[in-house]
file my_file36.cif (mmCIF, C-alpha atoms)
data_final
loop_
_atom_site.group_PDB
_atom_site.id
_atom_site.type_symbol
_atom_site.label_atom_id
_atom_site.label_comp_id
_atom_site.auth_asym_id
_atom_site.auth_seq_id
_atom_site.Cartn_x
_atom_site.Cartn_y
_atom_site.Cartn_z
ATOM 1 C CA MET A 1 -11.272 56.099 -2.185
ATOM 2 C CA ILE A 2 -10.943 54.597 1.282
ATOM 3 C CA PRO A 3 -14.343 52.800 1.127
ATOM 4 C CA PHE A 4 -13.396 51.501 -2.320
ATOM 5 C CA ARG A 5 -10.055 50.182 -1.078
ATOM 6 C CA ARG A 6 -11.744 48.582 1.910
ATOM 7 C CA ALA A 7 -14.245 46.907 -0.388
ATOM 8 C CA MET A 8 -11.457 45.604 -2.631
ATOM 9 C CA LEU A 9 -9.503 44.371 0.405
ATOM 10 C CA GLY A 10 -12.598 42.580 1.649
ATOM 11 C CA LYS A 11 -13.060 40.857 -1.708
ATOM 12 C CA MET A 12 -9.401 39.809 -1.787
ATOM 13 C CA LEU A 13 -9.632 38.329 1.718
ATOM 14 C CA ALA A 14 -12.821 36.492 0.792
ATOM 15 C CA LEU A 15 -11.158 35.030 -2.300
ATOM 16 C CA ALA A 16 -8.120 34.008 -0.265
ATOM 17 C CA ALA A 17 -10.307 32.311 2.332
ATOM 18 C CA ALA A 18 -12.198 30.529 -0.431
ATOM 19 C CA GLY A 19 -8.922 29.290 -1.830
ATOM 20 C CA VAL A 20 -7.859 27.909 1.538
ATOM 21 C CA LEU A 21 -11.189 26.182 2.008
ATOM 22 C CA ALA A 22 -11.013 24.774 -1.497
ATOM 23 C CA GLY A 23 -7.608 23.356 -0.662
ATOM 24 C CA CYS A 24 -9.054 21.703 2.443
ATOM 25 C CA ARG A 25 -11.875 20.224 0.427
ATOM 26 C CA THR A 26 -9.397 18.812 -2.048
ATOM 27 C CA ARG A 27 -7.578 16.972 0.712
ATOM 28 C CA TYR A 28 -10.561 16.018 2.837
ATOM 29 C CA ALA A 29 -13.323 16.124 0.246
ATOM 30 C CA LEU A 30 -16.539 14.219 0.724
ATOM 31 C CA ALA A 31 -16.467 11.026 -1.314
ATOM 32 C CA PRO A 32 -18.740 11.394 -4.372
ATOM 33 C CA PHE A 33 -21.936 9.345 -4.448
ATOM 34 C CA ASP A 34 -21.478 8.262 -8.070
ATOM 35 C CA ASP A 35 -17.764 7.656 -8.623
ATOM 36 C CA PRO A 36 -17.416 5.674 -11.863
ATOM 37 C CA VAL A 37 -15.213 2.592 -11.695
ATOM 38 C CA PRO A 38 -13.100 1.640 -14.719
ATOM 39 C CA LEU A 39 -14.467 -1.649 -16.004
ATOM 40 C CA HIS A 40 -12.150 -4.597 -16.523
ATOM 41 C CA ASP A 41 -12.385 -8.359 -16.477
ATOM 42 C CA TYR A 42 -12.055 -10.103 -13.136
ATOM 43 C CA LEU A 43 -8.440 -10.717 -12.143
ATOM 44 C CA ILE A 44 -7.498 -13.902 -10.338
ATOM 45 C CA GLY A 45 -5.955 -13.585 -6.888
ATOM 46 C CA PRO A 46 -4.505 -15.743 -4.079
ATOM 47 C CA GLY A 47 -7.217 -17.797 -2.411
ATOM 48 C CA ASP A 48 -9.292 -18.132 -5.582
ATOM 49 C CA SER A 49 -10.126 -21.587 -6.867
ATOM 50 C CA VAL A 50 -9.744 -22.248 -10.586
ATOM 51 C CA ASN A 51 -11.490 -25.090 -12.371
ATOM 52 C CA ILE A 52 -9.246 -26.142 -15.253
ATOM 53 C CA LEU A 53 -11.026 -28.066 -18.032
ATOM 54 C CA VAL A 54 -8.851 -29.585 -20.749
ATOM 55 C CA TRP A 55 -10.989 -30.750 -23.661
ATOM 56 C CA ARG A 56 -10.799 -34.528 -24.196
ATOM 57 C CA ASN A 57 -8.217 -34.833 -21.432
ATOM 58 C CA PRO A 58 -10.122 -35.397 -18.177
ATOM 59 C CA GLU A 59 -7.022 -36.834 -16.500
ATOM 60 C CA VAL A 60 -5.461 -33.355 -16.388
ATOM 61 C CA SER A 61 -8.722 -31.486 -15.733
ATOM 62 C CA LEU A 62 -9.079 -30.487 -12.096
ATOM 63 C CA THR A 63 -9.824 -27.710 -9.613
ATOM 64 C CA VAL A 64 -6.870 -26.114 -7.831
ATOM 65 C CA ALA A 65 -6.438 -23.249 -5.390
ATOM 66 C CA VAL A 66 -4.267 -20.262 -6.164
ATOM 67 C CA ARG A 67 -1.466 -20.334 -3.618
ATOM 68 C CA PRO A 68 -0.511 -17.325 -1.450
ATOM 69 C CA ASP A 69 2.384 -16.689 -3.841
ATOM 70 C CA GLY A 70 -0.112 -16.332 -6.694
ATOM 71 C CA LYS A 71 0.830 -19.565 -8.499
ATOM 72 C CA ILE A 72 -0.916 -22.837 -9.273
ATOM 73 C CA THR A 73 0.297 -26.387 -9.764
ATOM 74 C CA THR A 74 -1.329 -29.060 -11.963
ATOM 75 C CA PRO A 75 -0.210 -32.627 -12.746
ATOM 76 C CA LEU A 76 1.805 -31.511 -15.807
ATOM 77 C CA VAL A 77 2.417 -27.847 -15.001
ATOM 78 C CA GLU A 78 4.226 -26.681 -11.881
ATOM 79 C CA ASP A 79 4.433 -23.176 -10.407
ATOM 80 C CA LEU A 80 2.456 -21.377 -13.098
ATOM 81 C CA PRO A 81 1.708 -17.706 -12.203
ATOM 82 C CA ALA A 82 -2.044 -17.082 -12.000
ATOM 83 C CA SER A 83 -2.551 -13.996 -9.823
ATOM 84 C CA GLY A 84 -3.360 -10.805 -11.720
ATOM 85 C CA LYS A 85 -4.521 -12.657 -14.848
ATOM 86 C CA THR A 86 -7.978 -13.067 -16.311
ATOM 87 C CA SER A 87 -9.373 -16.575 -16.695
ATOM 88 C CA THR A 88 -8.792 -16.350 -20.460
ATOM 89 C CA GLN A 89 -5.167 -15.316 -20.037
ATOM 90 C CA LEU A 90 -4.553 -18.153 -17.597
ATOM 91 C CA ALA A 91 -6.203 -20.634 -19.988
ATOM 92 C CA ARG A 92 -3.875 -19.563 -22.814
ATOM 93 C CA ASP A 93 -0.849 -19.892 -20.520
ATOM 94 C CA ILE A 94 -1.927 -23.393 -19.497
ATOM 95 C CA GLU A 95 -2.416 -24.348 -23.150
ATOM 96 C CA GLN A 96 1.111 -23.206 -23.912
ATOM 97 C CA ALA A 97 2.533 -25.175 -20.981
ATOM 98 C CA LEU A 98 0.536 -28.310 -21.805
ATOM 99 C CA GLY A 99 1.562 -28.092 -25.454
ATOM 100 C CA LYS A 100 4.776 -29.865 -24.516
ATOM 101 C CA PHE A 101 2.790 -32.967 -23.524
ATOM 102 C CA ILE A 102 -0.585 -32.762 -25.327
ATOM 103 C CA GLN A 103 -1.148 -31.985 -28.989
ATOM 104 C CA GLN A 104 -3.080 -28.735 -29.436
ATOM 105 C CA PRO A 105 -4.718 -28.622 -25.982
ATOM 106 C CA VAL A 106 -7.919 -26.634 -25.573
ATOM 107 C CA VAL A 107 -8.295 -25.236 -22.049
ATOM 108 C CA THR A 108 -11.142 -23.451 -20.280
ATOM 109 C CA VAL A 109 -10.664 -21.858 -16.848
ATOM 110 C CA ILE A 110 -13.606 -21.147 -14.531
ATOM 111 C CA VAL A 111 -12.909 -19.120 -11.378
ATOM 112 C CA THR A 112 -14.704 -19.831 -8.088
ATOM 113 C CA ASN A 113 -14.175 -18.758 -4.453
ATOM 114 C CA PHE A 114 -13.480 -15.191 -5.488
ATOM 115 C CA SER A 115 -10.924 -13.193 -3.508
ATOM 116 C CA GLY A 116 -9.142 -11.187 -6.180
ATOM 117 C CA PRO A 117 -5.652 -9.676 -6.121
ATOM 118 C CA TYR A 118 -4.614 -8.013 -2.871
ATOM 119 C CA ALA A 119 -4.277 -4.656 -4.645
ATOM 120 C CA GLU A 120 -8.000 -4.682 -5.518
ATOM 121 C CA GLN A 121 -9.383 -5.798 -2.161
ATOM 122 C CA ILE A 122 -11.327 -3.444 0.106
ATOM 123 C CA ARG A 123 -9.701 -3.112 3.537
ATOM 124 C CA VAL A 124 -11.727 -1.998 6.563
ATOM 125 C CA ILE A 125 -9.741 -0.946 9.616
ATOM 126 C CA GLY A 126 -10.508 0.773 12.903
ATOM 127 C CA GLU A 127 -13.850 0.694 14.695
ATOM 128 C CA ALA A 128 -15.657 -1.774 12.466
ATOM 129 C CA ALA A 129 -17.405 -4.665 14.205
ATOM 130 C CA LYS A 130 -15.282 -7.099 12.169
ATOM 131 C CA PRO A 131 -12.318 -5.329 10.525
ATOM 132 C CA GLN A 132 -11.204 -7.323 7.503
ATOM 133 C CA ALA A 133 -10.173 -7.354 3.848
ATOM 134 C CA LEU A 134 -13.009 -7.952 1.373
ATOM 135 C CA PRO A 135 -12.953 -8.958 -2.280
ATOM 136 C CA TYR A 136 -14.144 -6.065 -4.432
ATOM 137 C CA ARG A 137 -17.411 -6.533 -6.298
ATOM 138 C CA LEU A 138 -18.504 -4.391 -9.207
ATOM 139 C CA GLY A 139 -21.069 -1.882 -7.950
ATOM 140 C CA MET A 140 -20.028 -2.315 -4.302
ATOM 141 C CA SER A 141 -21.160 0.577 -2.116
ATOM 142 C CA LEU A 142 -20.231 1.760 1.366
ATOM 143 C CA MET A 143 -23.419 0.146 2.680
ATOM 144 C CA ASP A 144 -22.421 -3.203 1.163
ATOM 145 C CA VAL A 145 -19.071 -2.990 2.949
ATOM 146 C CA LEU A 146 -20.666 -2.069 6.288
ATOM 147 C CA ILE A 147 -23.122 -4.968 6.066
ATOM 148 C CA THR A 148 -20.262 -7.396 5.415
ATOM 149 C CA VAL A 149 -18.202 -6.167 8.388
ATOM 150 C CA GLY A 150 -21.207 -6.116 10.716
ATOM 151 C CA GLY A 151 -21.493 -2.333 11.023
ATOM 152 C CA ILE A 152 -19.465 -0.186 13.411
ATOM 153 C CA THR A 153 -18.783 -0.325 17.148
ATOM 154 C CA ASP A 154 -20.363 1.902 19.794
ATOM 155 C CA PHE A 155 -17.047 3.755 20.042
ATOM 156 C CA ALA A 156 -16.830 4.680 16.366
ATOM 157 C CA ALA A 157 -16.851 8.266 15.077
ATOM 158 C CA GLY A 158 -18.823 7.331 11.979
ATOM 159 C CA ASN A 159 -19.038 10.772 10.409
ATOM 160 C CA LYS A 160 -15.278 11.194 10.744
ATOM 161 C CA ALA A 161 -14.537 8.033 8.795
ATOM 162 C CA SER A 162 -12.652 8.305 5.541
ATOM 163 C CA ILE A 163 -11.743 6.345 2.449
ATOM 164 C CA ILE A 164 -8.092 6.306 1.469
ATOM 165 C CA ARG A 165 -7.997 5.944 -2.299
ATOM 166 C CA VAL A 166 -5.236 5.996 -4.895
ATOM 167 C CA ARG A 167 -6.155 7.447 -8.276
ATOM 168 C CA GLU A 168 -3.671 8.052 -11.065
ATOM 169 C CA GLY A 169 -0.808 7.460 -8.651
ATOM 170 C CA LYS A 170 -2.034 10.051 -6.131
ATOM 171 C CA GLN A 171 -3.436 9.256 -2.693
ATOM 172 C CA GLN A 172 -6.709 10.891 -1.663
ATOM 173 C CA GLN A 173 -8.449 10.952 1.687
ATOM 174 C CA LEU A 174 -12.206 11.229 1.207
ATOM 175 C CA ARG A 175 -14.549 11.877 4.124
ATOM 176 C CA VAL A 176 -17.592 9.611 4.450
ATOM 177 C CA ARG A 177 -20.669 9.947 6.687
ATOM 178 C CA ILE A 178 -21.338 6.543 8.171
ATOM 179 C CA ASP A 179 -23.508 7.841 11.043
ATOM 180 C CA ASP A 180 -25.725 9.740 8.610
ATOM 181 C CA LEU A 181 -26.070 6.614 6.506
ATOM 182 C CA LEU A 182 -26.741 4.094 9.285
ATOM 183 C CA LYS A 183 -28.583 6.183 11.874
ATOM 184 C CA ASP A 184 -30.432 8.726 9.713
ATOM 185 C CA GLY A 185 -30.917 6.662 6.560
ATOM 186 C CA ASP A 186 -29.325 9.379 4.417
ATOM 187 C CA ILE A 187 -28.889 7.479 1.156
ATOM 188 C CA SER A 188 -26.712 10.256 -0.274
ATOM 189 C CA ALA A 189 -24.011 9.076 2.146
ATOM 190 C CA ASN A 190 -23.953 5.648 0.509
ATOM 191 C CA VAL A 191 -20.935 6.302 -1.727
ATOM 192 C CA MET A 192 -19.509 3.890 -4.264
ATOM 193 C CA MET A 193 -16.339 1.973 -3.433
ATOM 194 C CA ARG A 194 -13.430 1.384 -5.769
ATOM 195 C CA PRO A 195 -10.924 -1.483 -5.977
ATOM 196 C CA GLY A 196 -8.121 -1.014 -3.450
ATOM 197 C CA ASP A 197 -10.032 1.403 -1.178
ATOM 198 C CA VAL A 198 -9.143 1.477 2.515
ATOM 199 C CA LEU A 199 -12.045 2.419 4.824
ATOM 200 C CA LEU A 200 -10.686 3.961 8.023
ATOM 201 C CA ILE A 201 -13.171 4.264 10.915
ATOM 202 C CA PRO A 202 -11.676 6.240 13.835
ATOM 203 C CA GLU A 203 -12.588 6.009 17.494
ATOM 204 C CA SER A 204 -14.701 8.755 18.993
ATOM 205 C CA LEU A 205 -12.974 10.968 21.547
ATOM 206 C CA PHE A 206 -16.147 11.311 23.593
#
call {"tool": "encode", "arguments": {"input": "my_file36.cif", "output": "structure tokens"}}
result
Amino acid sequence: MIPFRRAMLGKMLALAAAGVLAGCRTRYALAPFDDPVPLHDYLIGPGDSVNILVWRNPEVSLTVAVRPDGKITTPLVEDLPASGKTSTQLARDIEQALGKFIQQPVVTVIVTNFSGPYAEQIRVIGEAAKPQALPYRLGMSLMDVLITVGGITDFAAGNKASIIRVREGKQQQLRVRIDDLLKDGDISANVMMRPGDVLLIPESLF
């Protein structure tokens, strides 16, 4: 009986340890290589430029910048919210506003100088060569981000870097392996980014 009890106790301890480790992996899990991104139309953000074309009304057709407060101003429309809208939504809003002055206006909006809403930008902080906020691009990977910020500094602990990500209202901290990706060419470390990710690159203690 004693050997049997010892065996059972050993199994219980092993299961408990596995549970603890599983909990750690949940909190500090490695970021998945293929993390699907929900598809949606591009949303306009502060810093974007929008080319407003009003059919048969060139005098009110122009290119304007989206202000830091997320609004735009045109000759006949002042302080119209633009941030967080698609180009089609903004075009319909402009049509409605211009309807007071022009009969049945037809508006097309073309977005240039893409920045996107702040909530969807990728932020890189810590030991990046050029820490900054980047506009998210569909299909953007960790390698794309690192190229844009000029890589990491000599003081960076690349394999201790992490992505802070919010999914379904819950914050996750996902470990990434920048050293493996940059120094060893391990393509499996080139994880996909998501809108709103924060890439945190800590300083090495050595």
call {"tool": "residues_around", "arguments": {"input": "my_file36.cif", "residues": "region 130-135 of chain A", "least_positions_apart": "3", "cutoff": "7 Å", "atoms": "only C-alpha atoms", "output": "mmCIF file with C-alpha atoms, keeping the file's coordinate frame"}}
result
data_model
loop_
_atom_site.group_PDB
_atom_site.id
_atom_site.type_symbol
_atom_site.label_atom_id
_atom_site.label_comp_id
_atom_site.auth_asym_id
_atom_site.auth_seq_id
_atom_site.Cartn_x
_atom_site.Cartn_y
_atom_site.Cartn_z
ATOM 1 C CA SER A 115 -10.924 -13.193 -3.508
ATOM 2 C CA GLY A 116 -9.142 -11.187 -6.180
ATOM 3 C CA GLN A 121 -9.383 -5.798 -2.161
ATOM 4 C CA ILE A 122 -11.327 -3.444 0.106
ATOM 5 C CA ARG A 123 -9.701 -3.112 3.537
ATOM 6 C CA VAL A 124 -11.727 -1.998 6.563
ATOM 7 C CA ILE A 125 -9.741 -0.946 9.616
ATOM 8 C CA GLY A 126 -10.508 0.773 12.903
ATOM 9 C CA VAL A 149 -18.202 -6.167 8.388
ATOM 10 C CA GLY A 150 -21.207 -6.116 10.716
#
call {"tool": "resolve_selection", "arguments": {"input": "my_file36.cif", "expression": "the PyMOL selection byres ((chain A and resi 70-85) around 10)", "output": "tab-separated table (two decimals) with C-alpha atoms, keeping the file's coordinate frame"}}
result
chain	number	residue	atom	x	y	z
A	41	ASP	CA	-12.38	-8.36	-16.48
A	42	TYR	CA	-12.06	-10.10	-13.14
A	43	LEU	CA	-8.44	-10.72	-12.14
A	44	ILE	CA	-7.50	-13.90	-10.34
A	45	GLY	CA	-5.96	-13.58	-6.89
A	46	PRO	CA	-4.50	-15.74	-4.08
A	47	GLY	CA	-7.22	-17.80	-2.41
A	48	ASP	CA	-9.29	-18.13	-5.58
A	49	SER	CA	-10.13	-21.59	-6.87
A	50	VAL	CA	-9.74	-22.25	-10.59
A	52	ILE	CA	-9.25	-26.14	-15.25
A	59	GLU	CA	-7.02	-36.83	-16.50
A	60	VAL	CA	-5.46	-33.35	-16.39
A	61	SER	CA	-8.72	-31.49	-15.73
A	62	LEU	CA	-9.08	-30.49	-12.10
A	63	THR	CA	-9.82	-27.71	-9.61
A	64	VAL	CA	-6.87	-26.11	-7.83
A	65	ALA	CA	-6.44	-23.25	-5.39
A	66	VAL	CA	-4.27	-20.26	-6.16
A	67	ARG	CA	-1.47	-20.33	-3.62
A	68	PRO	CA	-0.51	-17.32	-1.45
A	69	ASP	CA	2.38	-16.69	-3.84
A	86	THR	CA	-7.98	-13.07	-16.31
A	87	SER	CA	-9.37	-16.58	-16.70
A	88	THR	CA	-8.79	-16.35	-20.46
A	89	GLN	CA	-5.17	-15.32	-20.04
A	90	LEU	CA	-4.55	-18.15	-17.60
A	91	ALA	CA	-6.20	-20.63	-19.99
A	93	ASP	CA	-0.85	-19.89	-20.52
A	94	ILE	CA	-1.93	-23.39	-19.50
A	97	ALA	CA	2.53	-25.18	-20.98
A	98	LEU	CA	0.54	-28.31	-21.80
A	100	LYS	CA	4.78	-29.86	-24.52
A	101	PHE	CA	2.79	-32.97	-23.52
A	102	ILE	CA	-0.58	-32.76	-25.33
A	116	GLY	CA	-9.14	-11.19	-6.18
A	117	PRO	CA	-5.65	-9.68	-6.12
A	118	TYR	CA	-4.61	-8.01	-2.87
A	119	ALA	CA	-4.28	-4.66	-4.64
A	120	GLU	CA	-8.00	-4.68	-5.52
call {"tool": "closest_residue", "arguments": {"input": "my_file36.cif", "among": "A:Val54, A:Asp154, A:Met193, A:Leu138", "to": "Gly99 (chain A)", "atoms": "all atoms listed in the file"}}
result
A:Val54
call {"tool": "atom_distance", "arguments": {"input": "my_file36.cif", "atom1": "CA of Val198 (chain A)", "atom2": "CA of Gln172 (chain A)"}}
result
10.6 Å
call {"tool": "atom_distance", "arguments": {"input": "my_file36.cif", "atom1": "CA of Asp180 (chain A)", "atom2": "CA of Asn159 (chain A)"}}
result
7.0 Å
call {"tool": "atom_distance", "arguments": {"input": "my_file36.cif", "atom1": "CA of Met192 (chain A)", "atom2": "CA of Arg175 (chain A)"}}
result
12.6 Å
call {"tool": "closest_residue", "arguments": {"input": "my_file36.cif", "among": "A:Gln103, A:Val111, A:Arg137, A:Glu95", "to": "Asn51 (chain A)", "atoms": "only C-alpha atoms"}}
result
A:Val111
call {"tool": "closest_residue", "arguments": {"input": "my_file36.cif", "among": "A:Gly185, A:Pro105, A:Pro195, A:Gly169", "to": "Met140 (chain A)", "atoms": "only C-alpha atoms"}}
result
A:Pro195
call {"tool": "closest_residue", "arguments": {"input": "my_file36.cif", "among": "A:Thr148, A:Val107, A:Lys160, A:Pro58", "to": "Tyr136 (chain A)", "atoms": "all atoms listed in the file"}}
result
A:Thr148
call {"tool": "residues_around", "arguments": {"input": "my_file36.cif", "residues": "Asn190 (chain A)", "least_positions_apart": "4", "cutoff": "7 Å", "atoms": "only C-alpha atoms", "output": "list in words"}}
result
Phe33, Ser141, Leu142, Met143 and Leu181 of chain A
call {"tool": "closest_residue", "arguments": {"input": "my_file36.cif", "among": "A:Ile110, A:Ile152, A:Ile178, A:Ile187", "to": "Leu53 (chain A)", "atoms": "all atoms listed in the file"}}
result
A:Ile110
call {"tool": "residues_around", "arguments": {"input": "my_file36.cif", "residues": "Ser162 (chain A)", "least_positions_apart": "4", "cutoff": "6 Å", "atoms": "all atoms listed in the file", "output": "list in words"}}
result
Leu174, Arg175, Val176, Leu199 and Leu200 of chain A
